[in-house]
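For reference, start.csv (CSV, C-alpha atoms (C1' of nucleotides)):
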```
chain,number,residue,atom,x,y,z
A,1,MET,CA,0.0,0.0,0.0
A,2,HIS,CA,1.4,3.3,-1.0
A,3,ILE,CA,0.6,6.9,-1.4
A,4,GLU,CA,0.3,8.1,-5.1
A,5,THR,CA,3.5,9.3,-6.6
A,6,LEU,CA,2.1,12.7,-7.3
A,7,GLU,CA,1.3,13.3,-3.6
A,8,VAL,CA,4.7,12.1,-2.6
A,9,GLU,CA,6.3,14.5,-5.1
A,10,ARG,CA,4.2,17.4,-3.7
A,11,ARG,CA,5.3,16.5,-0.2
A,12,LEU,CA,9.0,16.4,-1.3
A,13,GLN,CA,8.7,19.8,-3.0
A,14,ASN,CA,7.2,21.1,0.2
A,15,PHE,CA,10.1,19.7,2.2
A,16,ARG,CA,12.7,21.3,-0.2
A,17,ALA,CA,11.0,24.7,0.1
A,18,LEU,CA,10.6,24.6,3.9
A,19,ALA,CA,14.2,23.3,4.3
A,20,LYS,CA,15.5,26.2,2.4
A,21,LYS,CA,13.5,28.7,4.4
A,22,ALA,CA,14.6,27.1,7.6
A,23,GLY,CA,18.3,27.0,6.6
A,24,VAL,CA,18.3,23.2,6.9
A,25,LYS,CA,20.6,21.3,4.5
A,26,LEU,CA,19.1,19.0,2.0
A,27,THR,CA,21.2,15.8,2.3
A,28,HIS,CA,20.7,12.6,0.5
A,29,GLN,CA,19.9,10.9,3.8
A,30,ARG,CA,17.2,13.4,4.7
A,31,LEU,CA,15.5,13.2,1.3
A,32,GLU,CA,15.4,9.4,1.4
A,33,ILE,CA,14.1,9.3,4.9
A,34,PHE,CA,11.4,11.8,4.2
A,35,ARG,CA,10.5,10.0,0.9
A,36,THR,CA,10.1,6.8,2.8
A,37,VAL,CA,7.7,8.2,5.4
A,38,ALA,CA,5.9,10.3,2.9
A,39,SER,CA,5.1,7.3,0.6
A,40,SER,CA,4.0,5.0,3.4
A,41,LEU,CA,0.6,4.4,4.8
A,42,GLU,CA,2.0,2.3,7.6
A,43,HIS,CA,2.9,5.0,10.1
A,44,PRO,CA,6.3,3.4,10.4
A,45,ASN,CA,8.7,3.6,13.4
A,46,ALA,CA,12.3,4.7,13.2
A,47,GLU,CA,13.5,1.1,13.0
A,48,ALA,CA,11.3,0.3,10.0
A,49,ILE,CA,12.3,3.5,8.2
A,50,HIS,CA,16.0,2.7,8.9
A,51,ARG,CA,15.5,-0.8,7.4
A,52,ALA,CA,13.8,0.6,4.3
A,53,VAL,CA,16.2,3.4,3.5
A,54,ARG,CA,19.2,1.1,4.1
A,55,GLU,CA,18.2,-0.9,1.0
A,56,THR,CA,19.4,2.1,-1.1
A,57,THR,CA,21.7,3.9,1.3
A,58,SER,CA,23.6,1.2,3.0
A,59,THR,CA,25.6,3.2,5.5
A,60,LEU,CA,22.7,5.1,7.0
A,61,SER,CA,22.9,5.1,10.8
A,62,LEU,CA,19.8,4.7,13.0
A,63,ASP,CA,20.8,7.8,14.9
A,64,THR,CA,20.5,9.9,11.7
A,65,VAL,CA,17.0,8.5,11.2
A,66,TYR,CA,16.0,9.7,14.6
A,67,ARG,CA,17.6,13.1,14.2
A,68,THR,CA,16.0,13.6,10.8
A,69,LEU,CA,12.5,12.5,12.0
A,70,TRP,CA,12.5,14.9,14.9
A,71,MET,CA,13.8,17.6,12.6
A,72,LEU,CA,11.0,17.0,10.1
A,73,THR,CA,8.5,16.9,13.0
A,74,ASN,CA,9.7,20.2,14.2
A,75,LEU,CA,9.4,21.6,10.7
A,76,GLY,CA,5.7,20.5,10.8
A,77,LEU,CA,6.2,17.9,8.0
A,78,LEU,CA,5.5,14.9,10.1
A,79,THR,CA,3.4,14.2,13.2
A,80,THR,CA,3.9,11.4,15.7
A,81,LEU,CA,1.3,9.0,16.9
A,82,GLY,CA,0.0,8.6,20.4
A,83,MET,CA,1.5,10.2,23.5
A,84,ARG,CA,4.8,11.9,23.0
A,85,GLN,CA,6.2,12.2,26.5
A,86,ASP,CA,7.7,9.4,28.4
A,87,SER,CA,6.3,6.1,29.5
A,88,ILE,CA,3.1,4.1,29.8
A,89,ARG,CA,0.4,5.8,31.9
A,90,PHE,CA,-2.4,4.0,33.8
A,91,ASP,CA,-6.0,5.1,34.4
A,92,ALA,CA,-8.4,3.5,36.9
A,93,ASN,CA,-11.3,5.1,35.1
A,94,VAL,CA,-12.4,2.3,32.8
A,95,GLU,CA,-15.7,3.9,31.8
A,96,ASN,CA,-15.8,5.4,28.4
A,97,HIS,CA,-14.2,8.8,28.5
A,98,HIS,CA,-11.9,11.1,26.6
A,99,HIS,CA,-8.6,12.8,27.3
A,100,TYR,CA,-7.2,16.2,27.4
A,101,ILE,CA,-3.4,16.2,27.0
A,102,CYS,CA,-1.0,19.1,27.6
A,103,GLU,CA,1.6,19.1,24.8
A,104,ARG,CA,4.1,20.9,27.0
A,105,CYS,CA,4.1,19.1,30.3
A,106,GLY,CA,2.2,15.9,29.6
A,107,LEU,CA,-0.6,16.5,32.0
A,108,VAL,CA,-3.6,14.3,31.2
A,109,ARG,CA,-7.2,14.9,32.4
A,110,ASP,CA,-10.4,12.9,31.7
A,111,PHE,CA,-13.5,14.5,30.4
A,112,GLU,CA,-16.9,13.3,29.2
A,113,GLY,CA,-19.4,14.8,26.8
A,114,ASP,CA,-22.9,13.7,25.7
A,115,GLU,CA,-22.4,14.5,22.0
A,116,LEU,CA,-19.1,12.7,22.1
A,117,GLU,CA,-20.7,9.6,23.6
A,118,ALA,CA,-22.5,9.0,20.3
A,119,LEU,CA,-19.6,9.6,18.0
A,120,ARG,CA,-20.5,8.6,14.5
A,121,ILE,CA,-17.7,6.6,13.1
A,122,PRO,CA,-17.7,6.8,9.3
A,123,ASP,CA,-18.8,3.5,7.6
A,124,SER,CA,-15.5,3.5,5.6
A,125,VAL,CA,-13.7,2.6,8.8
A,126,SER,CA,-15.3,-0.8,8.7
A,127,ARG,CA,-13.0,-1.8,5.8
A,128,PHE,CA,-10.1,-1.8,8.3
A,129,GLY,CA,-11.8,-4.1,10.7
A,130,GLN,CA,-14.2,-4.2,13.6
A,131,VAL,CA,-14.5,-1.3,16.0
A,132,VAL,CA,-14.2,-1.8,19.8
A,133,SER,CA,-13.9,1.7,21.2
A,134,ALA,CA,-13.6,5.3,20.1
A,135,ARG,CA,-12.0,8.0,22.1
A,136,VAL,CA,-11.3,11.6,21.5
A,137,GLU,CA,-7.9,12.9,22.3
A,138,VAL,CA,-7.7,16.7,22.7
A,139,ARG,CA,-4.3,18.3,22.7
A,140,GLY,CA,-3.4,21.8,23.9
A,141,VAL,CA,-1.5,23.7,26.4
A,142,CYS,CA,-2.7,23.5,30.0
A,143,VAL,CA,-3.5,26.5,32.1
A,144,HIS,CA,-0.4,26.0,34.2
A,145,CYS,CA,1.9,25.9,31.2
A,146,THR,CA,0.3,28.9,29.6
A,147,GLU,CA,1.1,31.0,32.6
A,148,GLU,CA,4.5,29.6,33.2
A,149,PRO,CA,7.3,31.1,31.0
A,150,GLU,CA,8.3,28.3,28.6
A,151,LYS,CA,10.9,26.0,30.3
A,152,GLY,CA,12.0,22.5,30.6
A,153,THR,CA,10.7,21.8,27.1
A,154,SER,CA,13.1,19.9,25.0
A,155,SER,CA,13.3,21.5,21.5
A,156,ARG,CA,13.8,18.1,20.1
A,157,ARG,CA,10.6,16.5,21.2
A,158,LEU,CA,8.2,19.2,20.4
B,1,MET,CA,-6.3,16.6,43.2
B,2,HIS,CA,-7.9,13.3,44.2
B,3,ILE,CA,-10.8,11.1,43.6
B,4,GLU,CA,-13.4,11.1,46.4
B,5,THR,CA,-12.8,8.5,49.1
B,6,LEU,CA,-16.1,6.8,48.5
B,7,GLU,CA,-15.3,6.2,44.9
B,8,VAL,CA,-11.9,4.9,45.8
B,9,GLU,CA,-13.5,2.5,48.3
B,10,ARG,CA,-16.0,1.3,45.7
B,11,ARG,CA,-13.1,0.6,43.3
B,12,LEU,CA,-11.2,-1.3,46.0
B,13,GLN,CA,-14.2,-3.4,46.8
B,14,ASN,CA,-14.5,-4.2,43.1
B,15,PHE,CA,-10.9,-5.2,43.0
B,16,ARG,CA,-11.3,-7.5,46.0
B,17,ALA,CA,-14.3,-9.2,44.4
B,18,LEU,CA,-12.7,-9.6,41.0
B,19,ALA,CA,-9.4,-10.9,42.5
B,20,LYS,CA,-11.2,-13.6,44.4
B,21,LYS,CA,-13.1,-14.6,41.3
B,22,ALA,CA,-10.0,-14.7,39.3
B,23,GLY,CA,-8.0,-16.6,41.9
B,24,VAL,CA,-5.5,-13.8,42.3
B,25,LYS,CA,-4.0,-13.2,45.7
B,26,LEU,CA,-4.7,-10.0,47.6
B,27,THR,CA,-1.3,-8.9,48.8
B,28,HIS,CA,-0.5,-5.7,50.6
B,29,GLN,CA,1.6,-4.5,47.6
B,30,ARG,CA,-1.3,-5.0,45.2
B,31,LEU,CA,-3.8,-3.2,47.4
B,32,GLU,CA,-1.5,-0.2,47.8
B,33,ILE,CA,-0.7,0.0,44.2
B,34,PHE,CA,-4.3,-0.2,43.1
B,35,ARG,CA,-5.3,2.3,45.8
B,36,THR,CA,-2.7,4.7,44.5
B,37,VAL,CA,-3.8,4.6,40.9
B,38,ALA,CA,-7.5,4.5,41.9
B,39,SER,CA,-7.2,7.7,43.9
B,40,SER,CA,-5.2,9.7,41.4
B,41,LEU,CA,-6.4,11.9,38.6
B,42,GLU,CA,-2.9,12.1,37.2
B,43,HIS,CA,-2.8,9.0,35.1
B,44,PRO,CA,0.5,8.2,36.7
B,45,ASN,CA,3.2,6.0,35.1
B,46,ALA,CA,4.8,3.1,36.9
B,47,GLU,CA,7.7,5.2,38.1
B,48,ALA,CA,5.3,7.7,39.8
B,49,ILE,CA,3.2,4.9,41.4
B,50,HIS,CA,6.4,3.2,42.7
B,51,ARG,CA,7.5,6.4,44.3
B,52,ALA,CA,4.2,7.0,45.9
B,53,VAL,CA,3.7,3.5,47.3
B,54,ARG,CA,7.3,3.4,48.6
B,55,GLU,CA,6.4,6.1,51.1
B,56,THR,CA,4.4,3.5,53.1
B,57,THR,CA,5.8,0.3,51.7
B,58,SER,CA,9.5,0.9,51.6
B,59,THR,CA,10.7,-2.3,50.0
B,60,LEU,CA,8.4,-2.4,47.0
B,61,SER,CA,10.2,-3.2,43.8
B,62,LEU,CA,9.5,-1.4,40.6
B,63,ASP,CA,9.1,-4.8,38.9
B,64,THR,CA,6.2,-5.6,41.2
B,65,VAL,CA,4.6,-2.4,40.3
B,66,TYR,CA,4.7,-3.3,36.6
B,67,ARG,CA,3.5,-6.8,37.2
B,68,THR,CA,0.6,-5.6,39.3
B,69,LEU,CA,-0.4,-2.9,36.8
B,70,TRP,CA,-0.5,-5.3,33.9
B,71,MET,CA,-2.5,-7.8,36.1
B,72,LEU,CA,-5.0,-5.1,37.0
B,73,THR,CA,-5.2,-4.1,33.3
B,74,ASN,CA,-5.9,-7.7,32.3
B,75,LEU,CA,-8.6,-7.8,35.0
B,76,GLY,CA,-10.2,-4.8,33.4
B,77,LEU,CA,-9.6,-2.6,36.4
B,78,LEU,CA,-7.2,-0.2,34.7
B,79,THR,CA,-6.7,1.1,31.2
B,80,THR,CA,-3.6,2.4,29.6
B,81,LEU,CA,-3.1,5.7,27.7
B,82,GLY,CA,-2.0,6.1,24.2
B,83,MET,CA,-0.5,3.4,22.0
B,84,ARG,CA,0.4,0.3,23.7
B,85,GLN,CA,2.7,-1.4,21.1
B,86,ASP,CA,6.3,-0.6,20.7
B,87,SER,CA,7.9,2.6,19.7
B,88,ILE,CA,7.2,6.1,18.3
B,89,ARG,CA,5.5,6.1,14.9
B,90,PHE,CA,5.6,8.8,12.4
B,91,ASP,CA,3.0,10.1,9.9
B,92,ALA,CA,3.6,12.4,6.9
B,93,ASN,CA,-0.1,13.3,6.8
B,94,VAL,CA,-0.2,16.5,8.9
B,95,GLU,CA,-3.8,17.4,7.8
B,96,ASN,CA,-6.4,16.9,10.4
B,97,HIS,CA,-7.4,13.2,10.4
B,98,HIS,CA,-8.2,10.3,12.7
B,99,HIS,CA,-6.7,6.9,13.4
B,100,TYR,CA,-7.9,3.4,13.4
B,101,ILE,CA,-5.6,1.2,15.5
B,102,CYS,CA,-5.6,-2.6,15.6
B,103,GLU,CA,-5.2,-3.7,19.2
B,104,ARG,CA,-3.7,-7.0,18.2
B,105,CYS,CA,-1.1,-6.2,15.6
B,106,GLY,CA,-0.7,-2.5,16.0
B,107,LEU,CA,-1.7,-1.6,12.4
B,108,VAL,CA,-2.6,2.0,12.1
B,109,ARG,CA,-4.7,3.6,9.3
B,110,ASP,CA,-5.9,7.1,8.8
B,111,PHE,CA,-9.5,8.1,8.1
B,112,GLU,CA,-11.5,11.3,7.8
B,113,GLY,CA,-15.1,12.1,8.4
B,114,ASP,CA,-17.2,15.2,7.9
B,115,GLU,CA,-19.1,14.9,11.2
B,116,LEU,CA,-15.8,14.3,13.0
B,117,GLU,CA,-14.3,17.4,11.5
B,118,ALA,CA,-16.7,19.6,13.5
B,119,LEU,CA,-16.2,17.7,16.8
B,120,ARG,CA,-17.9,19.7,19.5
B,121,ILE,CA,-15.5,19.7,22.5
B,122,PRO,CA,-17.4,20.3,25.7
B,123,ASP,CA,-16.9,23.7,27.2
B,124,SER,CA,-15.8,22.1,30.4
B,125,VAL,CA,-12.6,21.2,28.7
B,126,SER,CA,-11.5,24.8,28.6
B,127,ARG,CA,-10.9,24.7,32.4
B,128,PHE,CA,-7.9,22.5,31.6
B,129,GLY,CA,-6.3,24.9,29.1
B,130,GLN,CA,-6.5,25.9,25.5
B,131,VAL,CA,-7.3,23.4,22.8
B,132,VAL,CA,-5.0,23.0,19.8
B,133,SER,CA,-6.3,19.8,18.1
B,134,ALA,CA,-8.8,17.0,18.6
B,135,ARG,CA,-8.5,13.6,17.2
B,136,VAL,CA,-10.5,10.5,17.3
B,137,GLU,CA,-8.8,7.2,18.1
B,138,VAL,CA,-10.8,4.2,17.1
B,139,ARG,CA,-9.6,0.8,18.4
B,140,GLY,CA,-10.5,-2.6,17.2
B,141,VAL,CA,-9.3,-5.7,15.6
B,142,CYS,CA,-8.3,-5.4,11.9
B,143,VAL,CA,-9.6,-7.6,9.1
B,144,HIS,CA,-6.3,-9.5,8.9
B,145,CYS,CA,-6.1,-10.3,12.6
B,146,THR,CA,-9.8,-11.3,12.7
B,147,GLU,CA,-9.1,-14.0,10.1
B,148,GLU,CA,-5.8,-15.1,11.5
B,149,PRO,CA,-6.0,-17.5,14.5
B,150,GLU,CA,-4.8,-15.6,17.5
B,151,LYS,CA,-1.0,-15.7,17.7
B,152,GLY,CA,2.0,-13.7,18.8
B,153,THR,CA,-0.1,-11.8,21.3
B,154,SER,CA,1.6,-11.4,24.6
B,155,SER,CA,-0.9,-12.0,27.4
B,156,ARG,CA,0.8,-9.5,29.4
B,157,ARG,CA,0.2,-6.5,27.2
B,158,LEU,CA,-3.4,-7.1,26.2
C,1,DT,C1',-4.8,-22.6,64.7
C,2,DT,C1',-1.3,-24.8,62.0
C,3,DC,C1',0.3,-26.6,57.7
C,4,DC,C1',1.2,-26.6,52.9
C,5,DT,C1',2.0,-25.0,48.5
C,6,DA,C1',1.1,-22.4,44.4
C,7,DC,C1',1.4,-17.9,43.7
C,8,DT,C1',4.1,-13.5,44.7
C,9,DT,C1',7.9,-10.7,45.6
C,10,DG,C1',12.6,-8.4,45.4
C,11,DA,C1',17.0,-8.3,43.6
C,12,DG,C1',20.0,-8.0,40.0
C,13,DA,C1',21.0,-9.0,35.4
C,14,DC,C1',19.5,-8.1,30.9
C,15,DT,C1',17.2,-6.1,26.5
C,16,DG,C1',16.3,-2.8,23.3
C,17,DG,C1',14.6,1.8,21.9
C,18,DG,C1',16.5,6.1,21.9
C,19,DT,C1',20.2,9.8,22.8
C,20,DC,C1',24.9,11.9,23.3
C,21,DG,C1',29.6,13.5,22.1
C,22,DC,C1',32.8,13.8,18.9
C,23,DA,C1',35.8,13.5,14.8
C,24,DG,C1',35.4,13.5,10.0
C,25,DC,C1',32.5,14.8,6.0
C,26,DT,C1',29.7,17.7,2.8
C,27,DA,C1',26.0,21.1,1.1
C,28,DA,C1',25.7,25.2,-0.5
C,29,DG,C1',26.7,30.3,-0.2
C,30,DA,C1',30.6,33.5,-1.3
D,1,DT,C1',36.9,26.5,-6.0
D,2,DC,C1',37.0,27.6,-1.2
D,3,DT,C1',35.1,27.8,3.4
D,4,DT,C1',32.6,26.5,7.2
D,5,DA,C1',28.3,25.7,9.7
D,6,DG,C1',25.7,22.1,9.9
D,7,DC,C1',25.4,17.0,9.2
D,8,DT,C1',26.7,12.1,9.6
D,9,DG,C1',28.3,7.6,11.6
D,10,DC,C1',30.1,5.5,15.3
D,11,DG,C1',30.6,3.8,19.8
D,12,DA,C1',29.3,4.6,24.4
D,13,DC,C1',25.7,5.5,27.1
D,14,DC,C1',21.0,5.9,29.4
D,15,DC,C1',16.8,4.2,31.1
D,16,DA,C1',12.1,2.1,30.8
D,17,DG,C1',10.6,-2.2,31.1
D,18,DT,C1',11.3,-7.5,31.4
D,19,DC,C1',13.2,-12.0,32.9
D,20,DT,C1',15.0,-15.4,36.2
D,21,DC,C1',15.2,-17.4,40.3
D,22,DA,C1',15.5,-18.0,45.3
D,23,DA,C1',12.9,-16.7,49.3
D,24,DG,C1',8.5,-15.2,51.2
D,25,DT,C1',3.4,-15.3,52.0
D,26,DA,C1',-1.9,-15.6,51.2
D,27,DG,C1',-5.3,-18.3,52.0
D,28,DG,C1',-7.5,-22.9,51.5
D,29,DA,C1',-7.3,-27.6,53.8
D,30,DA,C1',-6.9,-30.2,57.8
```

Go ahead and express the file in the form of structure tokens.
Amino acid sequence: MHIETLEVERRLQNFRALAKKAGVKLTHQRLEIFRTVASSLEHPNAEAIHRAVRETTSTLSLDTVYRTLWMLTNLGLLTTLGMRQDSIRFDANVENHHHYICERCGLVRDFEGDELEALRIPDSVSRFGQVVSARVEVRGVCVHCTEEPEKGTSSRRL
Amino acid sequence: MHIETLEVERRLQNFRALAKKAGVKLTHQRLEIFRTVASSLEHPNAEAIHRAVRETTSTLSLDTVYRTLWMLTNLGLLTTLGMRQDSIRFDANVENHHHYICERCGLVRDFEGDELEALRIPDSVSRFGQVVSARVEVRGVCVHCTEEPEKGTSSRRL
DNA sequence: TTCCTACTTGAGACTGGGTCGCAGCTAAGA
DNA sequence: TCTTAGCTGCGACCCAGTCTCAAGTAGGAA
């Protein structure tokens, strides 16, 4: 399963433009890494990307893959899935509910909402498989972090 | 910030009942670990729980915390946040979209939906902070895994 | 109440994803 | 072509989470 070549080319052009604007060098490694992610539907992890790019660029180091992925994420060309921030978190609220996540400090809070209860999942989703649950994940910057002058935020991991 | 004592007691009673039914021993460690998670709004990680329980049970090992948390999760008394499954995944689709995630193999697919575009986030959420984005995360079992006889699924990590 | 044993625990070693520091390399502007 | 700031690969490192195993204990049986 792949993205159409045209869309991939559009994304690559976008990368070239943004890289220039941001003063970031366009290396062979970076182009290949971005091309790999941009043409995949799999939401690959660093390991998988490394494996794929190595087929054509045999000396690529895993570390470069990570550095490039974070750089691309910071440029807004990629997003990451699930919680950034540290480790697995546990929740004793097993009723259906949703989460508010602070992108800066990682704070998580539950919330509920009547309209959200009855979330209408598009029929097209059924082609992927059966549905067990649906949750809304709201991201933002929490009250505390909004007041606080930015600090303790690694620039690497947005 | 804490859950009301009454609710915590109810959850503890529930644990005692389920533990008996499942033939799981009720140790001091397990009760304290569950009490800690059940009375927190913070969605703590294993590290934080370990630190908290150590204040009263000084010899508790981190490993016991992990084992207990997974056991509680398997009993349906806890849930985990974000992607279970391995490592960070990257996505070159930065437009607003939603995810379907297979709980068994970790497959992830994007989808969109007009009704979902206009998700009405409850006003109450604004007390946590400002909202940047809202995504729906649908979980289920993908077509491929539904056909496949169950395999390669660690019982520990549901 | 005591006994018994299968289930738990703690400790320490281990695994694997991810990061750091540094010396050598290279894109790209002058 | 020259220059150099920014990049890369490498090896060492860090740390969350897991495994193994000997010692400890919950809780049913007697």

Produce a table with one row for each residue of chain C that has an atom at most 9 Å from any atom of chain B, each row naming the nearest atom pair and its distance in Å at one decimal; use all atoms listed in the file; arrange rows by chain and rising residue number; format as CSV.
```
residue,atom,partner,partner_atom,distance
C:DC7,C1',B:Lys25,CA,7.4
C:DT8,C1',B:Lys25,CA,8.2
C:DT9,C1',B:Thr64,CA,6.9
C:DG10,C1',B:Ser61,CA,5.9
C:DA11,C1',B:Ser61,CA,8.5
C:DG17,C1',B:Ser87,CA,7.1
```

Take the residues from that selection and write them out as a PDB file, in the frame of the given file, keeping C-alpha atoms (C1' of nucleotides).
```pdb
ATOM      1  C1'  DC C   7       1.400 -17.900  43.700  1.00  0.00           C
ATOM      2  C1'  DT C   8       4.100 -13.500  44.700  1.00  0.00           C
ATOM      3  C1'  DT C   9       7.900 -10.700  45.600  1.00  0.00           C
ATOM      4  C1'  DG C  10      12.600  -8.400  45.400  1.00  0.00           C
ATOM      5  C1'  DA C  11      17.000  -8.300  43.600  1.00  0.00           C
ATOM      6  C1'  DG C  17      14.600   1.800  21.900  1.00  0.00           C
TER       7       DG C  17
END
```

Identify all chain A residues at most 6 Å from chain B by counting only C-alpha atoms; ligands do not count. Present them as a VMD selection string.
-> chain A and resid 38 43 to 45 78 to 83 88 to 92 113 122 128 to 143

Have a look at A:Glu117, A:Asn74, A:Thr56, A:Val65 and name the one nearest to chain D; count all atoms listed in the file.
-> A:Val65

Which residues come within 12 Å of DT3 in chain D, counting only C-alpha atoms (C1' of nucleotides), excluding same-chain residues fewer than 3 positions away, as a PDB file with C-alpha atoms (C1' of nucleotides), in the coordinates of the input?
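What ended up in out-v9.pdb:
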```
ATOM      1  C1'  DT C  26      29.700  17.700   2.800  1.00  0.00           C
ATOM      2  C1'  DA C  27      26.000  21.100   1.100  1.00  0.00           C
ATOM      3  C1'  DA C  28      25.700  25.200  -0.500  1.00  0.00           C
ATOM      4  C1'  DG C  29      26.700  30.300  -0.200  1.00  0.00           C
ATOM      5  C1'  DA C  30      30.600  33.500  -1.300  1.00  0.00           C
TER       6       DA C  30
END
```

Smallest atom-to-atom distance to chain B: which of D:DC13, D:DA5, D:DA29, D:DC19, using only C-alpha atoms (C1' of nucleotides)?
-> D:DC19

Determine the nearest neighbour of chain B from the options D:DG17, D:DG6, D:DG11, D:DG24, counting all atoms listed in the file.
-> D:DG17

Which residue of D:DC21, D:DG27, D:DT8, D:DC2 approaches chain B most closely, using only C-alpha atoms (C1' of nucleotides) | D:DG27

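Between CA of Ala17 in chain B and C1' of DA6 in chain C the interatomic distance comes to 20.3 Å.
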
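As for C1' of DA23 in chain D and C1' of DT5 in chain C, they are spaced 13.7 Å apart.
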
Taking into account only C-alpha atoms (C1' of nucleotides), which residue in the set B:Arg67, B:His2, B:Arg10, B:His50 is nearest to chain D?
-> B:Arg67

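When only C-alpha atoms (C1' of nucleotides) are used to compute distances to chain A, the closest of the residues D:DA12, D:DC7, D:DA30, D:DA22 turns out to be D:DC7.
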
Which distance in Å separates CA of Cys105 in chain A and CA of Ala22 in chain A, to one decimal?
-> 26.3 Å
